[in-house]
Each structure stands twice: as C-alpha cells, then as structure tokens.
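File shown: coords08.cif (mmCIF, C-alpha atoms).
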data_work
#
loop_
_atom_site.label_atom_id
_atom_site.label_comp_id
_atom_site.auth_asym_id
_atom_site.auth_seq_id
_atom_site.Cartn_x
_atom_site.Cartn_y
_atom_site.Cartn_z
CA MET A 1 113.75 145.60 159.41
CA ALA A 2 110.76 143.46 160.25
CA GLY A 3 108.44 145.37 157.90
CA GLY A 4 110.54 144.40 154.89
CA GLN A 5 110.21 140.73 155.64
CA GLU A 6 106.49 141.09 155.99
CA ARG A 7 106.24 142.63 152.55
CA ILE A 8 108.28 139.81 150.98
CA LEU A 9 106.08 137.21 152.63
CA ARG A 10 102.91 138.90 151.49
CA ARG A 11 104.17 138.84 147.91
CA ARG A 12 104.98 135.14 148.13
CA ILE A 13 101.56 134.29 149.53
CA LYS A 14 99.95 136.13 146.65
CA SER A 15 101.98 134.19 144.09
CA VAL A 16 101.19 130.86 145.77
CA GLN A 17 97.50 131.72 145.68
CA ALA A 18 97.68 132.62 142.01
CA THR A 19 99.34 129.28 141.24
CA ARG A 20 96.72 127.50 143.30
CA LYS A 21 94.00 129.06 141.17
CA ILE A 22 95.63 127.66 138.05
CA THR A 23 96.12 124.17 139.44
CA LYS A 24 92.58 124.10 140.77
CA ALA A 25 91.21 125.08 137.37
CA MET A 26 93.30 122.41 135.64
CA GLU A 27 92.09 119.85 138.18
CA LEU A 28 88.46 120.66 137.43
CA ILE A 29 88.97 120.61 133.68
CA ALA A 30 90.76 117.26 133.85
CA ALA A 31 88.01 115.85 136.05
CA SER A 32 85.37 116.78 133.50
CA GLN A 33 87.47 115.21 130.73
CA ILE A 34 87.75 111.93 132.64
CA ALA A 35 84.02 111.36 132.50
CA ARG A 36 83.95 112.15 128.80
CA SER A 37 86.86 109.92 127.88
CA GLN A 38 85.47 107.09 129.98
CA ALA A 39 82.19 107.37 128.10
CA ARG A 40 84.12 107.10 124.84
CA ILE A 41 85.83 103.92 126.01
CA ALA A 42 82.44 102.49 126.91
CA ALA A 43 81.07 103.45 123.48
CA ASN A 44 84.01 101.73 121.78
CA ARG A 45 83.67 98.48 123.74
CA PRO A 46 80.95 96.79 121.61
CA TYR A 47 82.96 97.34 118.44
CA ARG A 48 86.20 96.14 119.93
CA ARG A 49 84.60 93.07 121.44
CA GLY A 50 82.79 92.27 118.19
CA MET A 51 86.06 92.55 116.29
CA GLN A 52 87.83 90.22 118.71
CA ARG A 53 84.99 87.74 118.47
CA ILE A 54 85.21 87.65 114.68
CA ILE A 55 88.98 87.19 114.74
CA TYR A 56 88.58 84.45 117.30
CA GLU A 57 85.99 82.61 115.25
CA ALA A 58 87.91 82.94 112.02
CA ALA A 59 91.19 81.90 113.57
CA SER A 60 89.82 78.93 115.46
CA SER A 61 87.93 77.54 112.48
CA ASP A 62 90.90 77.56 110.11
CA PRO A 63 94.09 77.46 112.17
CA ARG A 64 96.27 76.91 109.12
CA ALA A 65 95.18 80.12 107.43
CA ALA A 66 95.34 81.89 110.75
CA ARG A 67 98.91 80.87 111.41
CA LYS A 68 100.06 83.04 108.51
CA MET A 69 98.43 86.09 110.08
CA LEU A 70 98.71 85.34 113.74
CA ALA A 71 101.94 83.48 114.41
CA THR A 72 104.99 85.30 115.68
CA PRO A 73 107.91 84.91 113.28
CA ASP A 74 110.98 83.06 114.57
CA GLN A 75 113.34 85.70 113.34
CA VAL A 76 112.52 89.36 113.90
CA GLU A 77 115.00 91.50 112.01
CA THR A 78 113.19 94.80 112.30
CA ALA A 79 110.42 95.72 114.69
CA ILE A 80 108.25 98.80 114.98
CA VAL A 81 107.66 100.09 118.48
CA VAL A 82 104.65 102.37 118.91
CA VAL A 83 104.66 104.50 122.05
CA ILE A 84 101.54 106.40 123.14
CA VAL A 85 101.95 109.37 125.50
CA GLY A 86 100.21 112.70 125.97
CA ASP A 87 100.57 116.01 124.15
CA ARG A 88 100.85 117.96 127.39
CA GLY A 89 102.77 117.69 130.62
CA LEU A 90 101.69 118.48 134.20
CA SER A 91 100.16 115.05 134.39
CA GLY A 92 102.12 113.31 137.09
CA PRO A 93 103.89 110.13 136.05
CA TYR A 94 101.71 109.49 132.98
CA ASN A 95 104.18 110.51 130.28
CA SER A 96 107.39 109.51 131.96
CA SER A 97 106.34 106.00 132.88
CA ALA A 98 105.22 105.15 129.35
CA LEU A 99 108.35 106.77 127.91
CA ARG A 100 110.63 104.85 130.24
CA ALA A 101 108.86 101.59 129.40
CA GLY A 102 109.34 102.39 125.70
CA ASP A 103 112.99 103.20 126.26
CA ARG A 104 113.52 99.90 128.09
CA LEU A 105 111.79 97.94 125.32
CA VAL A 106 113.86 99.59 122.60
CA HIS A 107 117.07 98.81 124.46
CA MET A 108 116.02 95.23 125.05
CA LEU A 109 115.22 94.71 121.37
CA GLN A 110 118.44 96.33 120.25
CA HIS A 111 120.31 94.13 122.69
CA GLN A 112 118.80 91.09 120.97
CA GLY A 113 120.05 92.42 117.66
CA THR A 114 116.69 93.63 116.38
CA ARG A 115 116.54 96.88 114.48
CA VAL A 116 113.91 99.19 115.90
CA ARG A 117 111.76 101.74 114.13
CA LEU A 118 110.08 104.03 116.59
CA VAL A 119 106.63 105.53 115.98
CA THR A 120 105.39 107.89 118.66
CA ILE A 121 102.05 109.47 119.46
CA GLY A 122 102.08 112.57 121.66
CA LYS A 123 104.17 115.70 121.68
CA LYS A 124 106.16 114.63 124.70
CA ALA A 125 107.78 111.62 123.04
CA PRO A 126 110.11 112.85 120.25
CA ALA A 127 112.19 115.09 122.50
CA PHE A 128 112.60 112.34 125.09
CA PHE A 129 113.88 109.80 122.58
CA ARG A 130 116.04 112.19 120.57
CA PHE A 131 117.74 113.22 123.80
CA ARG A 132 118.57 109.57 124.37
CA GLY A 133 119.93 109.16 120.86
CA ILE A 134 117.06 107.03 119.58
CA ASP A 135 115.73 107.98 116.17
CA VAL A 136 112.01 108.60 115.88
CA ALA A 137 110.89 107.35 112.47
CA GLN A 138 107.48 108.98 112.63
CA SER A 139 105.62 110.99 115.22
CA PHE A 140 101.96 111.94 115.48
CA THR A 141 100.99 114.96 117.55
CA GLY A 142 97.73 116.68 118.32
CA ILE A 143 95.70 113.47 118.50
CA ALA A 144 96.44 112.23 122.02
CA ASP A 145 93.90 114.41 123.83
CA ARG A 146 90.81 113.62 121.81
CA PRO A 147 91.59 110.75 119.46
CA THR A 148 89.16 110.04 116.62
CA PHE A 149 88.88 106.82 114.66
CA ALA A 150 90.31 108.59 111.62
CA ASP A 151 93.48 109.26 113.66
CA ALA A 152 93.68 105.58 114.54
CA ARG A 153 93.40 104.64 110.87
CA LEU A 154 96.24 106.98 110.02
CA VAL A 155 98.51 105.43 112.64
CA ALA A 156 97.42 101.93 111.63
CA SER A 157 98.25 102.50 107.98
CA ALA A 158 101.64 103.91 108.94
CA VAL A 159 102.62 100.74 110.79
CA ALA A 160 100.76 98.24 108.58
CA ALA A 161 102.37 99.29 105.30
CA PRO A 162 105.95 98.27 106.20
CA PHE A 163 104.64 95.08 107.81
CA VAL A 164 102.73 94.08 104.69
CA ALA A 165 105.72 94.95 102.53
CA GLY A 166 107.83 92.63 104.66
CA ASP A 167 110.26 95.29 105.89
CA VAL A 168 109.11 94.75 109.44
CA GLN A 169 108.29 91.44 111.10
CA GLN A 170 106.73 92.63 114.33
CA VAL A 171 104.86 95.67 115.66
CA LEU A 172 104.79 96.30 119.40
CA LEU A 173 102.74 98.84 121.31
CA VAL A 174 103.64 100.57 124.55
CA ALA A 175 100.62 102.32 126.05
CA THR A 176 98.88 103.06 129.30
CA ARG A 177 95.82 100.88 129.76
CA PHE A 178 92.87 102.26 131.64
CA HIS A 179 91.55 99.47 133.88
CA SER A 180 89.42 101.72 136.07
CA ALA A 181 89.42 105.24 137.42
CA GLY A 182 91.68 104.02 140.20
CA SER A 183 94.09 101.84 138.27
CA GLN A 184 96.08 102.39 135.11
CA SER A 185 99.24 100.63 134.05
CA VAL A 186 101.75 100.77 131.24
CA GLU A 187 101.62 97.61 129.15
CA VAL A 188 103.48 96.23 126.17
CA GLU A 189 101.37 94.41 123.65
CA GLN A 190 101.95 92.89 120.24
CA LEU A 191 99.93 94.55 117.49
CA LEU A 192 101.25 92.66 114.48
CA PRO A 193 101.18 89.82 113.85
CA LEU A 194 97.73 90.00 115.40
CA SER A 195 97.58 88.39 118.77
CA MET A 196 94.74 86.03 119.48
CA PRO A 197 92.29 87.75 121.84
CA THR A 198 92.63 86.09 125.23
CA ASP A 199 90.34 87.99 127.56
CA LEU A 200 87.31 87.08 125.52
CA ASP A 201 84.10 86.91 127.50
CA VAL A 202 82.21 84.61 125.16
CA PRO A 203 80.25 81.77 126.62
CA THR A 204 81.87 78.70 125.07
CA SER A 205 78.68 76.66 125.31
CA THR A 206 76.76 78.80 122.82
CA GLY A 207 77.86 77.78 119.41
CA LEU A 208 81.25 79.39 119.04
CA LYS A 209 82.71 75.91 119.08
CA GLY A 210 80.09 74.76 116.63
CA TYR A 211 80.02 75.04 112.89
CA THR A 212 80.29 78.53 111.49
CA GLU A 213 79.86 79.58 107.89
CA PHE A 214 82.23 82.05 106.34
CA GLU A 215 81.72 84.25 103.34
CA PRO A 216 84.21 84.79 101.89
CA GLU A 217 86.53 81.96 102.93
CA VAL A 218 88.48 82.42 106.14
CA GLU A 219 91.75 83.04 104.35
CA ASP A 220 90.36 85.93 102.31
CA LEU A 221 88.37 87.20 105.24
CA LEU A 222 91.45 87.38 107.46
CA ILE A 223 93.29 89.43 104.88
CA GLU A 224 90.52 92.03 105.04
CA LEU A 225 90.00 91.63 108.73
CA ALA A 226 93.59 92.13 109.88
CA PRO A 227 93.93 95.86 109.07
CA ARG A 228 90.51 96.61 110.60
CA ALA A 229 91.44 94.72 113.76
CA LEU A 230 94.69 96.68 113.94
CA GLU A 231 92.80 99.97 113.64
CA SER A 232 90.44 98.86 116.37
CA GLU A 233 93.27 97.93 118.74
CA ILE A 234 95.10 101.21 118.13
CA PHE A 235 91.91 103.22 118.58
CA SER A 236 91.09 101.63 121.91
CA ALA A 237 94.69 102.12 123.05
CA LEU A 238 94.41 105.82 122.11
CA LEU A 239 91.12 106.16 123.97
CA GLU A 240 92.47 104.45 127.07
CA GLY A 241 95.62 106.56 126.87
CA ALA A 242 93.55 109.76 126.80
CA ALA A 243 91.47 108.62 129.77
CA SER A 244 94.61 107.68 131.70
CA PHE A 245 96.16 111.03 130.87
CA HIS A 246 93.20 112.97 132.23
CA THR A 247 93.00 110.81 135.34
CA SER A 248 96.68 111.26 136.00
CA GLN A 249 96.49 115.00 135.40
CA GLN A 250 93.53 115.37 137.70
CA ARG A 251 95.37 113.54 140.45
CA ALA A 252 98.56 115.53 139.97
CA MET A 253 96.72 118.86 139.96
CA ALA A 254 94.71 117.92 143.05
CA ALA A 255 97.97 117.21 144.86
CA ALA A 256 99.45 120.49 143.62
CA THR A 257 96.39 122.38 144.89
CA ASP A 258 96.72 120.73 148.30
CA ASN A 259 100.39 121.64 148.43
CA ALA A 260 99.61 125.24 147.54
CA ASP A 261 97.02 125.36 150.33
CA GLU A 262 99.51 124.05 152.82
CA LEU A 263 102.28 126.38 151.69
CA GLY A 264 99.93 129.37 151.82
CA GLN A 265 98.94 128.46 155.35
CA THR A 266 102.53 128.11 156.54
CA LEU A 267 103.54 131.37 154.90
CA SER A 268 100.67 133.34 156.37
CA ARG A 269 101.50 131.95 159.80
CA ILE A 270 105.10 133.13 159.42
CA MET A 271 103.89 136.48 158.14
CA ASN A 272 101.53 136.97 161.07
CA ARG A 273 104.33 136.21 163.50
CA ALA A 274 106.62 138.66 161.74
CA ARG A 275 103.94 141.34 161.93
CA GLN A 276 103.34 140.63 165.61
CA ASP A 277 107.09 140.80 166.23
CA SER A 278 107.40 144.17 164.56
CA ILE A 279 104.46 145.59 166.54
CA THR A 280 105.93 144.29 169.79
CA THR A 281 109.30 145.82 168.96
CA GLU A 282 107.66 149.12 168.15
CA ILE A 283 105.76 149.19 171.45
CA MET A 284 108.93 148.30 173.36
CA GLU A 285 110.73 151.14 171.64
CA ILE A 286 107.98 153.64 172.49
CA VAL A 287 107.73 152.46 176.08
CA GLY A 288 111.54 152.50 176.38
CA GLY A 289 111.67 156.01 174.92
CA ALA A 290 108.96 157.30 177.26
CA GLU A 291 110.71 155.70 180.22
CA ALA A 292 113.98 157.32 179.27
CA LEU A 293 112.36 160.76 178.91
CA ARG A 294 110.66 160.47 182.30
CA SER A 295 113.79 159.37 184.13
CA GLY A 296 115.76 162.16 182.42
CA LYS A 297 113.46 164.86 183.88
CA MET B 1 59.88 82.12 120.40
CA ALA B 2 62.71 82.77 118.02
CA SER B 3 63.80 86.34 117.77
CA LEU B 4 66.65 88.36 116.33
CA LYS B 5 68.76 90.94 118.11
CA VAL B 6 70.60 93.32 115.79
CA GLU B 7 73.51 95.56 116.70
CA ILE B 8 75.05 98.08 114.31
CA VAL B 9 78.27 99.31 115.92
CA THR B 10 81.05 101.65 114.93
CA PRO B 11 84.27 102.34 116.88
CA GLU B 12 82.89 105.61 118.21
CA ALA B 13 79.43 104.45 119.21
CA ALA B 14 76.79 101.77 118.93
CA LEU B 15 74.54 103.17 116.18
CA TRP B 16 71.56 100.94 116.73
CA THR B 17 70.64 97.95 118.86
CA GLY B 18 67.35 96.22 119.25
CA GLU B 19 64.88 93.59 118.29
CA ALA B 20 64.41 93.12 114.55
CA LYS B 21 62.62 90.90 112.08
CA GLY B 22 65.47 90.74 109.65
CA LEU B 23 68.76 92.23 108.48
CA MET B 24 69.56 92.78 104.82
CA ALA B 25 72.97 93.64 103.42
CA ARG B 26 75.46 92.74 100.74
CA SER B 27 78.69 90.83 101.25
CA SER B 28 81.47 90.26 98.72
CA GLU B 29 79.57 87.10 97.72
CA GLY B 30 76.24 88.80 97.17
CA GLU B 31 73.08 89.99 98.86
CA PHE B 32 71.97 88.21 101.98
CA THR B 33 69.21 88.34 104.54
CA ILE B 34 69.51 87.30 108.17
CA LEU B 35 66.39 86.03 109.88
CA PRO B 36 65.93 84.57 113.37
CA GLN B 37 67.50 81.10 113.72
CA HIS B 38 70.09 81.86 111.05
CA THR B 39 73.12 79.63 111.27
CA SER B 40 76.37 81.01 112.73
CA THR B 41 78.04 83.04 110.05
CA VAL B 42 80.95 85.43 109.78
CA GLY B 43 81.51 87.56 106.74
CA ASP B 44 82.27 90.92 105.23
CA ILE B 45 79.98 93.73 104.14
CA VAL B 46 80.73 95.75 101.05
CA PRO B 47 80.00 99.50 101.11
CA GLY B 48 76.31 100.07 100.60
CA LEU B 49 72.93 100.03 102.24
CA VAL B 50 72.24 97.85 105.27
CA ARG B 51 68.57 97.51 106.10
CA VAL B 52 67.07 96.45 109.40
CA ALA B 53 63.43 95.41 109.32
CA THR B 54 61.66 96.10 112.58
CA SER B 55 58.06 95.78 113.66
CA SER B 56 57.67 99.53 113.13
CA GLY B 57 59.18 99.74 109.67
CA GLU B 58 62.58 99.66 108.09
CA VAL B 59 65.74 101.49 109.20
CA GLY B 60 68.45 102.08 106.63
CA PHE B 61 72.15 102.45 107.37
CA CYS B 62 74.86 103.73 105.11
CA VAL B 63 77.78 101.39 105.83
CA HIS B 64 81.19 102.12 104.30
CA GLY B 65 82.45 98.56 104.51
CA GLY B 66 82.68 96.27 107.48
CA PHE B 67 81.95 92.83 108.82
CA PHE B 68 79.06 90.92 110.28
CA GLN B 69 78.74 88.05 112.65
CA VAL B 70 75.67 85.97 113.35
CA GLY B 71 75.45 83.60 116.26
CA PRO B 72 73.24 82.46 119.10
CA ASP B 73 72.93 85.00 121.90
CA GLU B 74 73.57 84.22 125.55
CA GLU B 75 69.82 84.28 125.94
CA ASP B 76 68.11 81.08 124.76
CA GLY B 77 66.38 81.11 121.41
CA VAL B 78 67.71 84.54 120.48
CA THR B 79 69.89 85.00 117.42
CA ARG B 80 72.33 87.87 117.52
CA ALA B 81 73.53 89.67 114.41
CA THR B 82 76.32 92.19 114.81
CA VAL B 83 77.42 94.57 112.08
CA LEU B 84 80.84 96.12 112.63
CA ALA B 85 81.61 99.12 110.49
CA GLY B 86 84.55 101.50 110.61
CA ILE B 87 82.35 104.28 109.30
CA ALA B 88 78.58 104.17 109.15
CA GLU B 89 75.54 106.35 109.71
CA ARG B 90 71.79 106.16 109.52
CA VAL B 91 70.55 107.02 106.08
CA SER B 92 68.25 109.62 107.65
CA ASP B 93 71.31 111.30 109.22
CA ILE B 94 73.21 111.84 105.98
CA ASP B 95 74.19 115.47 105.50
CA VAL B 96 73.72 116.02 101.78
CA SER B 97 75.45 119.38 101.52
CA ARG B 98 78.46 118.05 103.44
CA ALA B 99 78.67 114.98 101.22
CA GLN B 100 78.44 117.20 98.15
CA ALA B 101 81.27 119.39 99.40
CA ALA B 102 83.36 116.33 100.22
CA GLN B 103 82.76 114.91 96.76
CA GLU B 104 83.85 118.12 95.07
CA ALA B 105 86.93 118.45 97.28
CA ALA B 106 87.98 114.86 96.62
CA GLU B 107 87.40 115.18 92.89
CA ALA B 108 89.42 118.38 92.75
CA GLN B 109 92.25 116.74 94.65
CA LEU B 110 92.28 113.69 92.39
CA SER B 111 92.13 115.65 89.15
CA SER B 112 94.79 118.17 90.19
CA GLY B 113 96.78 115.08 90.60
CA ALA B 114 100.43 114.81 89.67
CA ASP B 115 101.99 115.73 93.00
CA LEU B 116 99.86 113.31 95.03
CA ASP B 117 101.70 110.46 96.66
CA GLU B 118 100.24 106.98 96.98
CA ALA B 119 98.81 107.47 100.48
CA ALA B 120 97.16 110.82 99.71
CA ARG B 121 95.65 109.41 96.52
CA SER B 122 94.07 106.46 98.31
CA LEU B 123 92.76 108.75 101.05
CA ALA B 124 91.11 111.01 98.47
CA ALA B 125 89.71 108.04 96.57
CA GLY B 126 88.23 106.68 99.78
CA ALA B 127 86.66 110.02 100.60
CA LEU B 128 85.21 110.23 97.10
CA ALA B 129 83.70 106.74 97.32
CA ARG B 130 82.13 107.55 100.68
CA ALA B 131 80.68 110.84 99.46
CA GLN B 132 79.22 109.17 96.35
CA LEU B 133 77.62 106.40 98.40
CA ARG B 134 76.10 108.93 100.81
CA LEU B 135 74.66 110.99 97.99
CA ARG B 136 73.28 107.89 96.25
CA LEU B 137 71.55 106.65 99.42
CA ALA B 138 70.32 110.10 100.40
CA ALA B 139 68.75 110.54 96.95
CA ALA B 140 66.87 107.25 97.37
CA ARG B 141 65.49 107.95 100.82
#
Exercise: express the given structure as structure tokens:
Amino acid sequence: MAGGQERILRRRIKSVQATRKITKAMELIAASQIARSQARIAANRPYRRGMQRIIYEAASSDPRAARKMLATPDQVETAIVVVIVGDRGLSGPYNSSALRAGDRLVHMLQHQGTRVRLVTIGKKAPAFFRFRGIDVAQSFTGIADRPTFADARLVASAVAAPFVAGDVQQVLLVATRFHSAGSQSVEVEQLLPLSMPTDLDVPTSTGLKGYTEFEPEVEDLLIELAPRALESEIFSALLEGAASFHTSQQRAMAAATDNADELGQTLSRIMNRARQDSITTEIMEIVGGAEALRSGK
Amino acid sequence: MASLKVEIVTPEAALWTGEAKGLMARSSEGEFTILPQHTSTVGDIVPGLVRVATSSGEVGFCVHGGFFQVGPDEEDGVTRATVLAGIAERVSDIDVSRAQAAQEAAEAQLSSGADLDEAARSLAAGALARAQLRLRLAAAR
C-alpha cells in the first residue's frame, strides 16, 4: 500500500509548511518590534541618567539625610519581589528564566525567614507561581509588550505605598536586562531602599565633587525624588524587558522556521522515495504479468 | 565663551535639547532663572511653565512637576541645565479639546465621588490638575 503512505506524507508536509508560515511571520513581526523597543530604550536613557545623577549629587552632598532613604535595613521582615516577564509565550527562554530566577529568590528569602509579597508583571507569571504554591499579591497584565510611563507609575505606586507605610522594608526586582541585541540576562536588583547608582558615567573632575546648591534642602528633595527615581527604574526595566522579549521571540521563531525547513525537506525526500518505490513496484508487476502471459501461450 | 546647553527630557523622549540664552522656571522656593556660568544646583520644579530663551525666540514647555540640575558640561566653559519631568509637552503641542475632555471627565469622577478609593481619587485629582494647567497655558499662548 505504498500510495497510502505517500498521501500521509503529503499531508504532513503541508502542515509543516503551514506552521512554517506562521513562525516566519512571527519572526518578522518580532524583528520589527526589536528596533522599535530599542529606540524607546535609547529615548529613555537621558531621563534615567539625569535622574541617577541627581540622586548621586543629593546623596553624596548630605550622606546623613541620604542614609534614611538609601541604606538597607538590618532586619527585613517583609519584602516585595517584583518579577517582570512577558504577556505571551513562544519566546524561547525569556519567560522561564526570569520566572525561575524569581522562584529561587522567593525561596531564598523565605528560607531566611523573610515574608515575601509577590508582584508580577506579565500574563505568564501568576499561573507559574500559583502552581508552585506561591501567592501572587498583585499582578499587572497587558503592559509588558508596550509599556508606557503611566504603567510604570502604577506599578511604582503599588510597591511604594506599603514601603512608605512601613509594612515592607525592602523591594527587589527580578527582570531581564537588555545589554545589547546579542546579550540579555536576568538580574536581581534592589528598588527600595533606593540603591546608589554605581555605573554612573559622570566625569568626576567637572564639579560633581564641588559645591552644589540645593533648593529645597537635600532632605526634602530626597523625599520628593525617591518616588520619581523608583518610577524611572521600573520604567527602564519594563522597556528593557520588552526589548529582551522581542529579541528572544525573534530568535526562537527563526530557529523554529529553520527546523520547519529541515523537516519539510526530510519529509519530501521520504515521500519522493515512497513514490519512486510504488512506481517501480507497479512496473515490476506489469512486466511480471506480461512475462507470465507470454510464457503461458 | 560661556554658553548654556539646555535639555528638557521626559522618560519617553528628550523633548528639547540645544543652545540657549537662559532657562526660566519655578521651584518650590520660587521663580528662578538659569544663565550661563550658573553655579551647580539641584532642585525641584513645581507644575507650571518652563521657558527656554533661545537666540530665535522663546520656547515654552508645560511641565507637570519635575526636577532640574545645573552643572558644568564635559565641554569646557559650557553650563548644562537638565530638566527632568515625568510628564511634559511643548506649550505649542497642547491639545486643547483633549485637555477639556480630560478636565470634564476628572471633574465628573471627583464629584460623583463616594465610591472612589484613595488611589482612584488621587489619580483623578492629578489628571484634573494636569488638564487645568494645560488649558491655562494654552489660553496664554
């Protein structure tokens, strides 16, 4: 029944090709999104850097006032962990690596006796954590793909309120940082208390060490500054997360397209052989039949 | 030659950068003007009009609160003034009909009032303040 096998193979090739069309389209869409999200990161950079510079100046000119805002408390009873993942799957390891890092962090904190409140961004997170028996205190969805600054403010106010009220002593962020198109990595960073910017590219010779005037006084300024700096950090993490998501999806879909190509090729080779086999068999049968008729004469 | 470089930046984009003669705005301690050679200063900006004087006239920005920093630039003799604002736009870009609609929506939300929680109330109040500032600056342009 060689013809039957041929038909089955033909159907499979068709389905592989249809899947390939989908993965190829997703690859192209993701690729176009990468450029856009990278441009948004670039547009955000002056603001973020300016914010870090102000914090740096304020904190280094009045370390006593800064210690209240910037120092890590000795005793962390409750901590908020913010995890940023994507709203969609089919993006390679992007979601799972951030989720696993978040899971590890939560377990580590709980092991130290810290209570953890989990805040997640991205549709993929709540199910993952609920399955593992970790309560999600609050989850934001629908903002991971194209985050706006208003989204960042919303998230910031959700984590800042319990911190200001004193219910929470530390806020940690687990997110994928976008270093370049070729390299992204999941990193854990402390959001609150604010961490002193370290990778600051300010030339130390030009006045930052000198005398700086403040209006209002540093202490009052820091109180206003802290929530804005938090928003800024969350926004840039959201932007970098979106860029990482699209990069990862593009890579995953390119690989899927290649696999579909390869599978289609293998299948059509098998199908051709099956067709050849069936033709050969048919000819042999005809020749055999003719031979038999002639010898029977 | 002393000169002043002004940047007005928001999280989503740098609104304006360039050479300027001066920068005028209002902080919580009062009105101030930044000129070239201004001493290093860090401060806040209350919601209102921020004006940048350039050689080709004045550019107005509607800034809904933020911060500024003045310091020497990497380049010698250049003073850099950076305005950081969460939300800001050029006064010439203000959409009056949108601001009007936002004002009415916020007012309706605030006056309907009893079932609003704390967070929703402060959101609406913020939206109302922004809409009123936009309308005020747009009327003066």
Could you give me, as number ranges by chain, the residues within 6 Å of stretch 130-140 of chain A, counting all atoms listed in the file and dropping anything in the same chain fewer than 2 positions from it? A: 117-121, 126-128
Exercise: stretch 95-99 of chain A partners within 8 Å, only C-alpha atoms, chain neighbours under 3 positions left out, as JSON, numbers by chain: {"A": [83, 84, 85, 86, 89, 91, 92, 102, 103, 124, 125, 128, 174, 175, 176, 186]}
Can you write out as a Markdown table which residues of chain B fall within 10 Å of chain A, alongside each residue's closest atom pair and its distance in Å to one decimal, counting all atoms listed in the file and ordering rows by chain and ascending residue number?
| residue | atom | partner | partner_atom | distance |
| --- | --- | --- | --- | --- |
| B:Glu7 | CA | A:Pro46 | CA | 9.0 |
| B:Ile8 | CA | A:Tyr47 | CA | 9.0 |
| B:Val9 | CA | A:Tyr47 | CA | 5.7 |
| B:Thr10 | CA | A:Tyr47 | CA | 5.9 |
| B:Pro11 | CA | A:Asn44 | CA | 4.9 |
| B:Glu12 | CA | A:Asn44 | CA | 5.4 |
| B:Ala13 | CA | A:Ala43 | CA | 4.7 |
| B:Ala14 | CA | A:Ala43 | CA | 6.5 |
| B:Leu15 | CA | A:Ala43 | CA | 9.8 |
| B:Ser27 | CA | A:Glu215 | CA | 7.5 |
| B:Ser28 | CA | A:Pro216 | CA | 6.9 |
| B:Glu29 | CA | A:Pro216 | CA | 6.7 |
| B:Gly30 | CA | A:Glu215 | CA | 9.4 |
| B:Thr39 | CA | A:Thr212 | CA | 7.3 |
| B:Ser40 | CA | A:Thr212 | CA | 4.8 |
| B:Thr41 | CA | A:Glu213 | CA | 4.5 |
| B:Val42 | CA | A:Phe214 | CA | 5.0 |
| B:Gly43 | CA | A:Glu215 | CA | 4.7 |
| B:Asp44 | CA | A:Glu215 | CA | 7.0 |
| B:Ile45 | CA | A:Glu215 | CA | 9.7 |
| B:Gly66 | CA | A:Arg228 | CA | 8.4 |
| B:Phe67 | CA | A:Leu225 | CA | 8.1 |
| B:Phe68 | CA | A:Ile54 | CA | 8.2 |
| B:Gln69 | CA | A:Ile54 | CA | 6.8 |
| B:Val70 | CA | A:Thr212 | CA | 9.0 |
| B:Gly71 | CA | A:Gly207 | CA | 7.0 |
| B:Pro72 | CA | A:Thr206 | CA | 6.3 |
| B:Asp73 | CA | A:Thr206 | CA | 7.3 |
| B:Glu74 | CA | A:Thr206 | CA | 6.9 |
| B:Glu75 | CA | A:Thr206 | CA | 9.4 |
| B:Asp76 | CA | A:Thr206 | CA | 9.2 |
| B:Thr82 | CA | A:Gly50 | CA | 7.3 |
| B:Val83 | CA | A:Gly50 | CA | 8.5 |
| B:Leu84 | CA | A:Tyr47 | CA | 6.3 |
| B:Ala85 | CA | A:Tyr47 | CA | 8.3 |
| B:Gly86 | CA | A:Arg228 | CA | 7.7 |
| B:Ile87 | CA | A:Phe149 | CA | 8.8 |
| B:Ala119 | CA | A:Ser157 | CA | 9.0 |
| B:Leu123 | CA | A:Leu154 | CA | 9.8 |
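Taken over the shown file, the PyMOL selection byres ((chain A and resi 113) around 12) identifies A:Gln75, A:Val76, A:Glu77, A:Thr78, A:Ala79, A:Val106, A:His107, A:Met108, A:Leu109, A:Gln110, A:His111, A:Gln112, A:Thr114, A:Arg115, A:Val116.
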Name the closest residue to A:Arg67 among the candidates A:Ala181, A:Met196, A:Val171, A:Arg36; distances are taken between atoms, counting all atoms listed in the file. A:Met196
Up to 8 Å from (98.2, 120.8, 137.1) in the file's coordinates: name the residues, counting only C-alpha atoms, as a VMD selection string. chain A and resid 22 to 24 26 to 27 90 to 91 249 to 250 252 to 254 256
Got a minute to add N, CA and C atoms to stretch 50-62 of chain B and dump it as a short mmCIF file (atom, residue, chain, number, x, y, z; two decimals), in the coordinates of the input?
data_model
loop_
_atom_site.label_atom_id
_atom_site.label_comp_id
_atom_site.auth_asym_id
_atom_site.auth_seq_id
_atom_site.Cartn_x
_atom_site.Cartn_y
_atom_site.Cartn_z
N VAL B 50 72.60 98.95 104.38
CA VAL B 50 72.24 97.85 105.27
C VAL B 50 70.87 98.17 105.83
N ARG B 51 69.94 97.24 105.66
CA ARG B 51 68.57 97.51 106.10
C ARG B 51 68.20 96.62 107.27
N VAL B 52 67.56 97.21 108.25
CA VAL B 52 67.07 96.45 109.40
C VAL B 52 65.55 96.56 109.38
N ALA B 53 64.90 95.41 109.29
CA ALA B 53 63.43 95.41 109.32
C ALA B 53 62.97 95.24 110.76
N THR B 54 62.20 96.20 111.23
CA THR B 54 61.66 96.10 112.58
C THR B 54 60.15 96.06 112.51
N SER B 55 59.51 95.86 113.67
CA SER B 55 58.06 95.78 113.66
C SER B 55 57.44 97.13 113.31
N SER B 56 58.21 98.20 113.44
CA SER B 56 57.67 99.53 113.13
C SER B 56 58.30 100.11 111.87
N GLY B 57 58.64 99.23 110.92
CA GLY B 57 59.18 99.74 109.67
C GLY B 57 60.64 99.40 109.49
N GLU B 58 61.23 100.01 108.45
CA GLU B 58 62.58 99.66 108.09
C GLU B 58 63.54 100.81 108.42
N VAL B 59 64.72 100.47 108.94
CA VAL B 59 65.74 101.49 109.20
C VAL B 59 66.91 101.21 108.26
N GLY B 60 67.34 102.25 107.57
CA GLY B 60 68.45 102.08 106.63
C GLY B 60 69.74 102.66 107.20
N PHE B 61 70.84 101.96 106.93
CA PHE B 61 72.15 102.45 107.37
C PHE B 61 73.08 102.51 106.18
N CYS B 62 73.85 103.57 106.14
CA CYS B 62 74.86 103.73 105.11
C CYS B 62 76.17 103.21 105.70
#
